[in-house]
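Trainee: Sharing input28.txt, compact mmCIF, C-alpha atoms:
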# COMPACT_ATOMS: atom_id res chain seq x y z
CA MET A 282 36.43 -16.88 15.82
CA ALA A 283 38.43 -16.25 12.72
CA THR A 284 35.55 -17.65 10.71
CA ARG A 285 33.43 -14.76 11.82
CA GLN A 286 35.59 -12.26 9.97
CA LYS A 287 36.02 -14.58 7.04
CA THR A 288 32.31 -14.88 6.43
CA SER A 289 31.24 -11.38 7.18
CA LEU A 290 33.44 -9.71 4.62
CA PRO A 291 32.25 -11.69 1.57
CA VAL A 292 28.70 -11.32 2.80
CA ARG A 293 29.08 -7.58 2.94
CA LEU A 294 30.77 -7.50 -0.42
CA ALA A 295 28.04 -9.62 -1.92
CA ALA A 296 25.48 -7.19 -0.57
CA VAL A 297 27.29 -4.27 -2.16
CA ALA A 298 27.67 -6.12 -5.46
CA GLY A 299 24.00 -7.01 -5.34
CA LEU A 300 23.12 -3.38 -4.79
CA ALA A 301 25.17 -2.27 -7.73
CA ALA A 302 24.07 -5.04 -10.05
CA ALA A 303 20.40 -5.52 -9.36
CA GLY A 304 19.92 -2.16 -7.75
CA LEU A 305 17.65 -3.70 -5.17
CA ALA A 306 18.83 -4.11 -1.63
CA THR A 307 17.12 -7.24 -0.38
CA VAL A 308 18.55 -6.70 3.09
CA ALA A 309 16.83 -3.98 5.02
CA LEU A 310 19.82 -1.68 5.36
CA ALA A 311 18.26 1.44 6.72
CA GLY A 312 15.37 1.65 9.12
CA GLY A 313 13.57 -1.64 9.38
CA PRO A 314 11.16 -2.20 12.24
CA ASN A 315 12.06 -0.50 15.50
CA ASP A 316 12.54 -2.48 18.69
CA ASN A 317 9.80 -0.96 20.79
CA LYS A 318 7.39 -3.17 22.68
CA LEU A 319 3.64 -2.80 22.48
CA VAL A 320 2.29 -3.00 26.01
CA ILE A 321 -1.25 -1.85 26.77
CA ASP A 322 -2.61 -2.07 30.32
CA GLY A 323 0.37 -4.16 31.35
CA LYS A 324 -0.30 -6.71 28.64
CA GLU A 325 2.32 -7.28 25.95
CA TYR A 326 1.15 -7.77 22.38
CA VAL A 327 2.91 -10.00 19.86
CA THR A 328 4.31 -7.64 17.24
CA GLU A 329 7.05 -9.97 16.02
CA LEU A 330 7.22 -13.72 15.51
CA PRO A 331 8.89 -16.24 13.22
CA ALA A 332 6.84 -16.56 10.06
CA PRO A 333 4.75 -19.72 9.72
CA GLU A 334 5.83 -22.46 7.35
CA GLY A 335 5.32 -21.63 3.71
CA SER A 336 5.44 -17.87 4.32
CA PRO A 337 7.54 -15.80 1.94
CA LEU A 338 8.63 -13.75 4.97
CA LYS A 339 11.11 -14.85 7.59
CA THR A 340 9.83 -12.80 10.49
CA LEU A 341 6.41 -11.22 10.82
CA TYR A 342 6.19 -7.70 12.20
CA SER A 343 3.06 -5.76 13.05
CA GLY A 344 2.65 -2.46 11.24
CA TRP A 345 2.93 -0.79 14.65
CA ARG A 346 6.68 -1.55 14.66
CA PHE A 347 7.21 0.64 11.60
CA ARG A 348 5.48 3.73 12.94
CA ASN A 349 7.38 6.52 14.60
CA GLU A 350 7.32 6.90 18.35
CA SER A 351 4.69 9.61 18.53
CA THR A 352 2.24 7.49 16.52
CA GLN A 353 3.19 4.41 18.53
CA ALA A 354 2.58 6.22 21.79
CA MET A 355 -1.07 6.89 20.93
CA GLN A 356 -1.75 3.17 20.95
CA LEU A 357 -0.12 2.52 24.31
CA ASP A 358 -2.94 3.98 26.34
CA ASP A 359 -6.65 3.72 25.50
CA PHE A 360 -7.17 7.28 26.75
CA ASP A 361 -4.70 8.55 24.14
CA ASN A 362 -6.01 6.28 21.41
CA PRO A 363 -8.13 8.49 19.12
CA GLY A 364 -9.91 5.37 17.85
CA TYR A 365 -11.07 4.28 21.26
CA PRO A 366 -14.22 6.44 21.48
CA ASN A 367 -15.54 4.28 18.62
CA VAL A 368 -15.37 1.27 20.91
CA ASP A 369 -17.64 3.09 23.35
CA THR A 370 -20.05 3.94 20.52
CA GLY A 371 -20.14 0.27 19.58
CA GLU A 372 -20.80 -0.76 23.15
CA GLN A 373 -23.83 1.52 23.30
CA LEU A 374 -25.17 0.22 19.99
CA TRP A 375 -24.74 -3.36 21.16
CA SER A 376 -27.67 -3.16 23.55
CA LYS A 377 -29.74 -0.61 21.65
CA VAL A 378 -32.99 -1.90 20.18
CA ASP A 379 -33.16 -1.20 16.46
CA GLY A 380 -35.26 -2.49 13.56
CA GLU A 381 -38.68 -4.06 13.14
CA ALA A 382 -37.91 -7.17 15.19
CA GLY A 383 -37.57 -5.02 18.30
CA LYS A 384 -34.26 -6.57 19.22
CA SER A 385 -30.72 -5.54 19.97
CA CYS A 386 -27.53 -7.47 19.38
CA ALA A 387 -27.51 -8.26 23.09
CA SER A 388 -30.94 -9.94 22.83
CA CYS A 389 -29.25 -12.92 21.22
CA HIS A 390 -25.53 -12.53 21.86
CA ASN A 391 -25.76 -11.34 25.49
CA ASP A 392 -22.39 -10.31 26.87
CA ALA A 393 -20.09 -9.44 24.00
CA SER A 394 -17.02 -10.03 26.17
CA GLU A 395 -17.89 -13.70 25.96
CA SER A 396 -19.87 -14.15 22.76
CA MET A 397 -17.58 -11.99 20.60
CA LYS A 398 -14.27 -13.08 22.09
CA GLY A 399 -11.91 -14.20 19.32
CA VAL A 400 -14.35 -13.38 16.51
CA ARG A 401 -12.23 -10.61 14.94
CA ALA A 402 -9.15 -12.85 15.06
CA GLN A 403 -10.88 -15.39 12.81
CA MET A 404 -12.33 -13.03 10.23
CA PRO A 405 -13.10 -13.52 7.43
CA LYS A 406 -14.95 -16.70 8.41
CA TRP A 407 -16.49 -19.33 6.18
CA ASN A 408 -20.26 -18.97 6.13
CA GLU A 409 -22.02 -22.14 5.15
CA LYS A 410 -25.32 -20.48 4.25
CA ALA A 411 -23.73 -17.86 2.03
CA GLY A 412 -21.32 -20.42 0.56
CA LYS A 413 -18.45 -17.96 0.93
CA PRO A 414 -16.24 -16.31 3.51
CA MET A 415 -17.74 -13.30 5.24
CA THR A 416 -15.99 -10.30 6.74
CA LEU A 417 -16.94 -8.85 10.12
CA GLU A 418 -18.84 -6.03 8.44
CA GLN A 419 -20.81 -8.44 6.29
CA THR A 420 -21.63 -10.64 9.29
CA ILE A 421 -22.88 -7.65 11.27
CA ASN A 422 -25.00 -6.45 8.39
CA ALA A 423 -26.42 -9.93 7.89
CA CYS A 424 -27.52 -9.96 11.54
CA ARG A 425 -28.98 -6.50 11.18
CA GLU A 426 -31.01 -7.45 8.13
CA ASN A 427 -32.07 -10.97 9.11
CA ASN A 428 -32.25 -10.81 12.88
CA LEU A 429 -32.96 -7.17 13.74
CA LYS A 430 -34.91 -6.50 10.54
CA ALA A 431 -32.93 -3.28 10.34
CA LYS A 432 -31.13 -1.55 7.50
CA PRO A 433 -27.50 -2.50 6.85
CA TRP A 434 -24.85 0.02 7.84
CA ASP A 435 -22.45 1.66 5.44
CA TRP A 436 -18.95 0.27 6.09
CA GLU A 437 -17.39 3.62 6.91
CA SER A 438 -20.34 4.93 8.95
CA GLY A 439 -19.86 5.81 12.58
CA GLN A 440 -22.17 2.95 13.61
CA MET A 441 -20.36 0.26 11.64
CA LEU A 442 -16.90 1.47 12.67
CA GLY A 443 -18.14 1.61 16.25
CA MET A 444 -19.48 -1.93 16.11
CA THR A 445 -16.42 -3.42 14.33
CA ALA A 446 -14.13 -1.61 16.78
CA PHE A 447 -16.17 -2.83 19.76
CA ILE A 448 -16.35 -6.44 18.56
CA GLY A 449 -12.69 -6.28 17.47
CA SER A 450 -11.64 -5.03 20.89
CA LYS A 451 -12.93 -8.30 22.37
CA SER A 452 -10.14 -10.08 20.48
CA ARG A 453 -7.39 -7.67 21.47
CA GLY A 454 -4.17 -9.51 22.18
CA MET A 455 -5.43 -12.76 20.66
CA PRO A 456 -3.50 -14.22 17.72
CA VAL A 457 -4.84 -13.79 14.20
CA LYS A 458 -6.05 -17.24 13.22
CA VAL A 459 -8.00 -17.54 9.99
CA GLN A 460 -9.14 -20.77 8.40
CA THR A 461 -7.11 -21.53 5.29
CA ASP A 462 -8.14 -25.08 4.48
CA GLY A 463 -11.30 -26.69 3.18
CA PRO A 464 -13.54 -24.35 1.22
CA MET A 465 -11.28 -21.41 2.10
CA LYS A 466 -8.44 -22.78 0.00
CA GLU A 467 -9.85 -21.55 -3.26
CA TRP A 468 -10.41 -18.07 -1.80
CA LEU A 469 -6.92 -18.00 -0.39
CA GLU A 470 -5.46 -18.77 -3.81
CA LYS A 471 -7.57 -16.03 -5.36
CA GLY A 472 -6.35 -13.54 -2.75
CA LYS A 473 -2.77 -14.59 -3.32
CA GLU A 474 -3.09 -14.05 -7.04
CA ILE A 475 -4.41 -10.53 -6.47
CA TYR A 476 -1.58 -9.84 -4.00
CA TYR A 477 1.10 -10.69 -6.53
CA THR A 478 -0.48 -9.19 -9.66
CA ARG A 479 0.98 -5.90 -10.87
CA VAL A 480 -1.78 -3.38 -11.44
CA GLY A 481 -2.38 0.24 -12.27
CA GLN A 482 -0.44 2.77 -14.30
CA LEU A 483 2.44 2.38 -11.83
CA ASP A 484 2.31 -1.35 -12.54
CA MET A 485 3.04 -2.53 -9.00
CA SER A 486 1.78 -5.34 -6.78
CA CYS A 487 1.06 -5.45 -3.06
CA ALA A 488 4.12 -7.70 -2.75
CA GLY A 489 6.37 -5.19 -4.52
CA CYS A 490 5.94 -2.82 -1.59
CA HIS A 491 4.97 -4.93 1.43
CA GLU A 492 7.06 -8.05 0.80
CA ALA A 493 10.12 -6.95 -1.18
CA ASN A 494 10.63 -3.57 0.42
CA TYR A 495 9.19 -3.46 3.93
CA GLY A 496 11.39 -1.59 6.38
CA LYS A 497 12.40 0.96 3.77
CA MET A 498 11.17 4.45 3.09
CA ILE A 499 9.05 5.07 0.02
CA ARG A 500 9.42 8.82 -0.01
CA ALA A 501 7.90 9.90 3.34
CA ASP A 502 6.31 6.54 4.17
CA HIS A 503 7.98 3.77 6.13
CA LEU A 504 6.82 0.55 4.47
CA SER A 505 5.43 -2.19 6.72
CA GLN A 506 4.52 -5.74 5.79
CA GLY A 507 0.92 -4.62 5.23
CA HIS A 508 -0.69 -6.76 7.92
CA VAL A 509 -4.35 -6.41 8.82
CA ASN A 510 -4.29 -7.21 12.56
CA GLY A 511 -5.18 -3.66 13.60
CA PHE A 512 -8.43 -3.06 11.70
CA PRO A 513 -10.58 -1.14 11.92
CA LEU A 514 -7.87 1.36 12.83
CA TYR A 515 -7.42 5.07 13.37
CA ARG A 516 -5.31 6.84 10.75
CA SER A 517 -4.20 10.39 11.31
CA LYS A 518 -4.45 10.90 7.55
CA TRP A 519 -8.13 9.95 7.67
CA GLN A 520 -8.71 11.71 10.99
CA LYS A 521 -10.96 8.79 11.86
CA LEU A 522 -11.27 5.05 12.00
CA GLY A 523 -11.36 3.16 8.70
CA SER A 524 -12.01 -0.35 7.48
CA MET A 525 -9.43 -2.70 6.01
CA HIS A 526 -11.05 -2.51 2.60
CA ARG A 527 -10.74 1.26 2.69
CA ARG A 528 -7.00 0.79 3.14
CA PHE A 529 -6.82 -1.74 0.28
CA LYS A 530 -8.66 0.74 -1.89
CA GLY A 531 -6.24 3.54 -1.00
CA CYS A 532 -3.19 1.42 -1.73
CA MET A 533 -4.60 0.53 -5.14
CA GLN A 534 -5.49 4.13 -5.97
CA ASN A 535 -1.98 5.24 -5.02
CA ILE A 536 -0.59 3.10 -7.80
CA ARG A 537 -3.31 4.43 -10.07
CA ALA A 538 -5.18 1.15 -10.19
CA LYS A 539 -8.95 0.78 -10.27
CA PRO A 540 -9.77 -0.59 -6.83
CA TYR A 541 -11.99 -3.61 -6.39
CA GLU A 542 -15.34 -3.07 -4.74
CA VAL A 543 -15.43 -2.68 -0.96
CA GLY A 544 -17.02 -5.91 0.29
CA GLY A 545 -16.68 -7.54 -3.14
CA ASP A 546 -15.35 -11.08 -3.59
CA GLU A 547 -11.88 -9.86 -4.63
CA PHE A 548 -11.32 -7.78 -1.49
CA VAL A 549 -12.77 -10.54 0.70
CA ALA A 550 -10.27 -12.95 -0.85
CA LEU A 551 -7.50 -10.39 -0.37
CA GLU A 552 -8.58 -9.89 3.26
CA LEU A 553 -8.35 -13.64 3.85
CA TYR A 554 -4.95 -13.88 2.19
CA THR A 555 -3.43 -10.84 3.94
CA ALA A 556 -4.82 -12.11 7.28
CA SER A 557 -3.21 -15.50 6.61
CA ARG A 558 0.16 -13.81 6.05
CA GLY A 559 -0.09 -12.39 9.56
CA GLN A 560 -1.23 -15.52 11.43
CA GLY A 561 -0.06 -15.26 15.03
CA LEU A 562 0.24 -11.48 15.28
CA SER A 563 -1.91 -10.04 18.06
CA VAL A 564 -5.17 -8.36 17.15
CA GLU A 565 -4.66 -4.64 17.95
CA THR A 566 -8.12 -3.28 17.15
CA PRO A 567 -8.43 -0.32 17.19
CA ALA A 568 -4.81 0.25 16.18
CA VAL A 569 -3.32 3.68 15.44
CA ARG A 570 -1.36 4.45 12.28
CA ASN A 571 -0.40 7.60 10.40
CA MET B 125 -18.50 28.01 -18.36
CA LYS B 126 -16.53 30.89 -19.78
CA ARG B 127 -13.53 29.82 -17.73
CA VAL B 128 -13.79 26.29 -19.06
CA LEU B 129 -13.91 27.59 -22.62
CA CYS B 130 -10.89 29.77 -22.00
CA ALA B 131 -8.97 26.89 -20.50
CA ALA B 132 -9.90 24.71 -23.44
CA THR B 133 -8.76 27.34 -25.90
CA ALA B 134 -5.53 27.82 -24.02
CA GLY B 135 -5.01 24.07 -24.13
CA LEU B 136 -5.63 24.02 -27.87
CA LEU B 137 -3.18 26.85 -28.39
CA ALA B 138 -0.58 25.05 -26.32
CA VAL B 139 -1.02 21.90 -28.36
CA ALA B 140 -0.84 23.89 -31.57
CA ALA B 141 2.34 25.57 -30.39
CA ILE B 142 3.95 22.22 -29.71
CA THR B 143 3.05 20.74 -33.06
CA VAL B 144 4.23 23.82 -34.90
CA GLY B 145 7.42 24.01 -32.84
CA ALA B 146 8.55 20.41 -33.33
CA SER B 147 8.53 19.66 -37.02
CA ALA B 148 7.25 16.06 -36.89
CA GLY B 149 5.72 15.83 -33.42
CA PRO B 150 6.95 13.49 -30.71
CA ILE B 151 7.30 9.75 -31.14
CA ALA B 152 4.20 8.15 -29.58
CA PRO B 153 4.66 5.70 -26.67
CA GLY B 154 3.52 2.79 -28.83
CA GLU B 155 6.13 3.55 -31.47
CA VAL B 156 9.19 3.82 -29.27
CA LYS B 157 11.65 0.96 -29.75
CA ILE B 158 14.20 -0.02 -27.14
CA ASP B 159 17.19 -1.64 -28.81
CA ASP B 160 19.82 -3.30 -26.66
CA GLY B 161 18.74 -1.17 -23.69
CA LYS B 162 18.99 2.06 -25.66
CA ILE B 163 16.87 4.70 -27.35
CA THR B 164 19.29 6.77 -29.37
CA ALA B 165 17.10 9.60 -30.68
CA SER B 166 15.27 12.21 -28.65
CA LEU B 167 11.55 11.47 -28.46
CA THR B 168 10.77 15.06 -29.43
CA GLY B 169 13.62 15.49 -31.89
CA GLN B 170 15.01 18.14 -29.55
CA PRO B 171 17.14 18.21 -26.42
CA GLY B 172 15.24 18.52 -23.14
CA SER B 173 15.59 21.13 -20.41
CA ALA B 174 17.55 19.97 -17.36
CA VAL B 175 15.99 22.74 -15.28
CA LYS B 176 12.48 21.55 -15.99
CA GLY B 177 13.59 17.93 -15.67
CA ARG B 178 14.76 18.61 -12.15
CA GLU B 179 11.26 19.83 -11.34
CA TRP B 180 9.47 16.83 -12.91
CA PHE B 181 11.87 14.54 -11.07
CA ALA B 182 10.68 15.71 -7.65
CA ASN B 183 7.04 16.35 -8.58
CA ARG B 184 4.83 13.78 -6.86
CA LYS B 185 2.32 13.73 -9.69
CA LEU B 186 4.91 13.37 -12.47
CA GLY B 187 8.25 11.65 -12.10
CA ASN B 188 8.09 11.24 -8.34
CA CYS B 189 11.48 9.62 -8.78
CA LEU B 190 12.27 10.52 -5.16
CA ALA B 191 9.59 8.08 -4.01
CA CYS B 192 12.08 5.30 -4.61
CA HIS B 193 15.47 6.93 -5.30
CA SER B 194 17.62 9.24 -3.24
CA ASN B 195 19.44 12.07 -4.95
CA SER B 196 22.03 14.21 -3.15
CA ASP B 197 21.44 17.06 -5.58
CA MET B 198 18.05 17.55 -3.86
CA ALA B 199 19.17 16.85 -0.30
CA LYS B 200 18.55 20.45 0.74
CA GLU B 201 15.09 21.20 -0.53
CA GLU B 202 13.49 17.76 -0.47
CA GLN B 203 13.23 16.18 2.94
CA PHE B 204 12.05 12.72 1.97
CA HIS B 205 13.99 10.43 -0.35
CA GLY B 206 13.06 6.82 -1.01
CA GLU B 207 15.19 3.84 -0.12
CA VAL B 208 13.72 1.15 -2.32
CA ALA B 209 15.95 1.86 -5.33
CA PRO B 210 19.63 2.77 -5.81
CA SER B 211 20.75 6.35 -5.29
CA LEU B 212 20.90 8.29 -8.53
CA ASP B 213 24.09 10.08 -7.52
CA GLY B 214 26.55 9.77 -10.39
CA VAL B 215 24.00 8.00 -12.57
CA ALA B 216 25.37 9.74 -15.68
CA ASP B 217 28.72 8.05 -15.07
CA ARG B 218 27.04 4.67 -15.18
CA TRP B 219 24.72 5.09 -18.16
CA ASP B 220 24.87 7.15 -21.33
CA GLU B 221 22.05 9.31 -22.64
CA ALA B 222 20.50 6.60 -24.84
CA GLN B 223 20.46 4.17 -21.93
CA LEU B 224 19.01 6.71 -19.52
CA ARG B 225 16.24 7.50 -22.00
CA ALA B 226 15.40 3.80 -22.31
CA ILE B 227 15.38 3.36 -18.51
CA VAL B 228 12.95 6.24 -18.05
CA VAL B 229 10.74 5.15 -20.96
CA ASN B 230 10.41 1.55 -19.83
CA ALA B 231 12.74 0.17 -17.16
CA LYS B 232 11.06 -3.22 -17.41
CA GLN B 233 12.39 -3.50 -20.94
CA ALA B 234 15.62 -1.61 -20.44
CA LEU B 235 16.78 -2.98 -17.09
CA ASN B 236 14.87 -5.90 -15.71
CA PRO B 237 11.38 -7.28 -16.41
CA ASP B 238 10.63 -7.58 -12.68
CA THR B 239 11.84 -4.18 -11.54
CA LEU B 240 9.63 -2.13 -9.26
CA MET B 241 10.31 0.91 -11.42
CA PRO B 242 7.27 1.98 -13.46
CA ALA B 243 7.49 2.59 -17.19
CA PHE B 244 7.09 6.33 -17.63
CA TYR B 245 6.40 6.40 -21.36
CA ARG B 246 4.04 3.55 -22.03
CA ASP B 247 0.33 4.05 -22.57
CA SER B 248 -1.13 0.56 -22.92
CA GLY B 249 -0.95 -2.97 -21.60
CA TYR B 250 -1.79 -2.04 -18.01
CA THR B 251 -4.04 -4.11 -15.73
CA ARG B 252 -6.89 -2.14 -14.12
CA PRO B 253 -5.57 1.38 -14.67
CA LEU B 254 -7.69 4.05 -12.98
CA LYS B 255 -10.05 5.61 -15.48
CA ASP B 256 -8.30 8.98 -15.46
CA PHE B 257 -5.06 7.34 -16.56
CA GLU B 258 -6.42 4.84 -19.07
CA GLY B 259 -4.57 4.98 -22.40
CA LYS B 260 -2.10 7.47 -20.97
CA ALA B 261 1.59 7.43 -20.15
CA ILE B 262 2.82 8.91 -16.84
CA LEU B 263 5.01 11.46 -18.64
CA ASN B 264 4.78 13.06 -22.05
CA ALA B 265 7.68 13.01 -24.51
CA GLU B 266 8.90 16.45 -23.54
CA GLN B 267 8.94 15.60 -19.85
CA VAL B 268 10.91 12.41 -20.57
CA GLU B 269 13.49 14.42 -22.49
CA ASP B 270 13.66 17.02 -19.72
CA ILE B 271 14.30 14.32 -17.14
CA VAL B 272 16.94 12.67 -19.33
CA ALA B 273 18.65 16.05 -19.66
CA TYR B 274 18.57 16.42 -15.90
CA LEU B 275 19.89 12.89 -15.25
CA LYS B 276 22.84 13.71 -17.53
CA THR B 277 23.87 16.39 -15.04
CA LEU B 278 24.15 13.83 -12.19
CA LYS B 279 27.86 13.08 -12.48
Re-express the file's structure as structure tokens.
Mentor:
Amino acid sequence: MATRQKTSLPVRLAAVAGLAAAGLATVALAGGPNDNKLVIDGKEYVTELPAPEGSPLKTLYSGWRFRNESTQAMQLDDFDNPGYPNVDTGEQLWSKVDGEAGKSCASCHNDASESMKGVRAQMPKWNEKAGKPMTLEQTINACRENNLKAKPWDWESGQMLGMTAFIGSKSRGMPVKVQTDGPMKEWLEKGKEIYYTRVGQLDMSCAGCHEANYGKMIRADHLSQGHVNGFPLYRSKWQKLGSMHRRFKGCMQNIRAKPYEVGGDEFVALELYTASRGQGLSVETPAVRN
Amino acid sequence: MKRVLCAATAGLLAVAAITVGASAGPIAPGEVKIDDGKITASLTGQPGSAVKGREWFANRKLGNCLACHSNSDMAKEEQFHGEVAPSLDGVADRWDEAQLRAIVVNAKQALNPDTLMPAFYRDSGYTRPLKDFEGKAILNAEQVEDIVAYLKTLK
């Protein structure tokens, strides 16, 4: 009982000394994630869990936990979710015949609720034929070109965002679970290197914001751990849904760094690595952020 | 077209004014030396303006110091202050002018090689800088001096 007081004082002092000496508060003093629960349609989503072994983080938190209550509220009900109409668009496209083969996605994959269940949670997935991991967008475009004999969709087009939102919604509530072993290992390492490399005129890394400083304000923005479990997601800043790579690109441009190519090997590796940092968080597609 | 020409001429005149005003011209980013965490001499050879420095400090495209630091002196007019770096209240009591100049020029050299704080007066050695910023420092010498002058008022 007495020990409690004995330990807490030096701990607090050490924190103050650390602040003064290094200038960096490693403990999230202000803010941090809020305690709200994400429940949609009576189903609770995992927005917090102990980090897996080997993670640099102790606890994983979904980005939703760092948003303010008005943004959070939009995700609690699909009728209020401004990204949800995209899911409906995707559902219509699913069974629409397109391309020279005269087929629709449904011709081969039938009921998406079954065939696409859990697919988003495992993306990017190793593709044996391509000899590399493929993102959801790349997989869809491959099916369009090879199976529908139709033109690929632009990643930020209404059709692609509709389809990725629709397919992603079939994994809602399932834990992110990407493959990290076997041939993925090399890609994971590549993604990790990108994550920790300081880039741009501001000379910062993803980790500098999303690992060292999550929970704190960077001017008007409340920093999250930068997880990817909500993509594609609706951002009020974009006034529409956007892909994960669009977000990566924006984060790089903000630090005045030349972004990698959307769909390029670097961003695919980064997608794999960021997904692996959030293993176990529920898929929230289409999430809502500001 | 005419507007562009006018702007270009105005720019030229401004540059000319600076070079005439300061006898030798500012010390270039590549030539600045940080010794023992200090840069003793003004980069422009002249004292900066604390009033302008206060403006650059808050400006999101220039210092944007408030992205990371809080500063009570701006509590009224600036709603959002960062929390990822120590408050700059009383910073002039902790560091002298030469140290403050070195911190603003290149905190990675002056304070800590792993600090999150960008170097504001360094124009090379970056990885993948956006094209518009290639070969450029975030601030020019005058702006650095203005900010140093402003920091000196934070006692």
Trainee: Record the distance separating CA of Ile158 in chain B and CA of Ile262 in chain B, expressed in Å with one decimal.
Mentor: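 Answer for the CA of Ile158 in chain B to CA of Ile262 in chain B separation: 17.8 Å.
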Trainee: Which residues of chain A are close to chain B, meaning at most 7 Å apart when you count all atoms listed in the file, and how do they look as a PyMOL selection string?
Mentor: chain A and resi 304-305+480-485+489+494+497-501+537-539
Trainee: Excluding same-chain residues fewer than 5 positions from Pro456 in chain A, what lies within 6 Å of it counting all atoms listed in the file, as a PyMOL selection string?
Mentor: chain A and resi 561-563
Trainee: Using only C-alpha atoms, please write the residues we just selected to a file, as a PDB file, in the frame of the given file.
Mentor:
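So selection36.pdb came out as:
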ATOM      1  CA  GLY A 561      -0.060 -15.260  15.030  1.00  0.00           C
ATOM      2  CA  LEU A 562       0.240 -11.480  15.280  1.00  0.00           C
ATOM      3  CA  SER A 563      -1.910 -10.040  18.060  1.00  0.00           C
TER       4      SER A 563
END
Trainee: Take CA of Asp502 in chain A and CA of Pro366 in chain A and report the distance between them in Å, one decimal.
Mentor: 26.9 Å
Trainee: State, in Å with one decimal place, the distance from CA of Arg346 in chain A to CA of Thr555 in chain A.
Mentor: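 Going from CA of Arg346 in chain A over to CA of Thr555 in chain A covers 17.4 Å.
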Trainee: Please list as a ChimeraX atom specification every residue within 6 Å of Lys430 in chain A, counting all atoms listed in the file and excluding residues in the same chain fewer than 4 positions away.
Mentor: /A:380-382,425-426
Trainee: List the spatial neighbours of Val457 in chain A as a list in words - criterion: any atom at most 10 Å away, all atoms listed in the file, same-chain residues fewer than 5 positions off excluded.
Mentor: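 My reading of the contact set: Gly399, Val400, Arg401, Ala402, Gln403, Met404, Ser452, Val509, Asn510, Ala556, Ser557, Arg558, Gly559, Gln560, Gly561, Leu562, Ser563, Val564 and Glu565 of chain A.
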Trainee: Using all atoms listed in the file, find the one residue out of A:Asp435, A:Thr416, A:Ser396, A:Asp546 that sits nearest to Met525 in chain A.
Mentor: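 Among A:Asp435, A:Thr416, A:Ser396, A:Asp546, it is A:Thr416 that comes nearest to Met525 in chain A.
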Trainee: Using all atoms listed in the file, which residues sit within 10 Å of Arg178 in chain B once same-chain residues fewer than 5 positions away are excluded, as a list in words?
Mentor: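 Once the nearby chain positions are removed, what remains is Ser173, Asn183, Gly187, Asp197, Met198, Asp270, Ile271, Val272, Ala273, Tyr274, Leu275 and Thr277 of chain B.
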Trainee: Within 8 Å of Glu269 in chain B, counting all atoms listed in the file, which residues show up once you throw out same-chain ones fewer than 6 positions away? Write them as a PyMOL selection string, please.
Mentor: chain B and resi 166-168+171-173+177+225
Trainee: Check the smallest atom-to-atom distance from each of A:Met444, A:Leu429, A:Leu469, A:Ile321 to Lys384 in chain A using all atoms listed in the file, then report the winner.
Mentor: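 That would be A:Leu429, the residue with the smallest distance to Lys384 in chain A.
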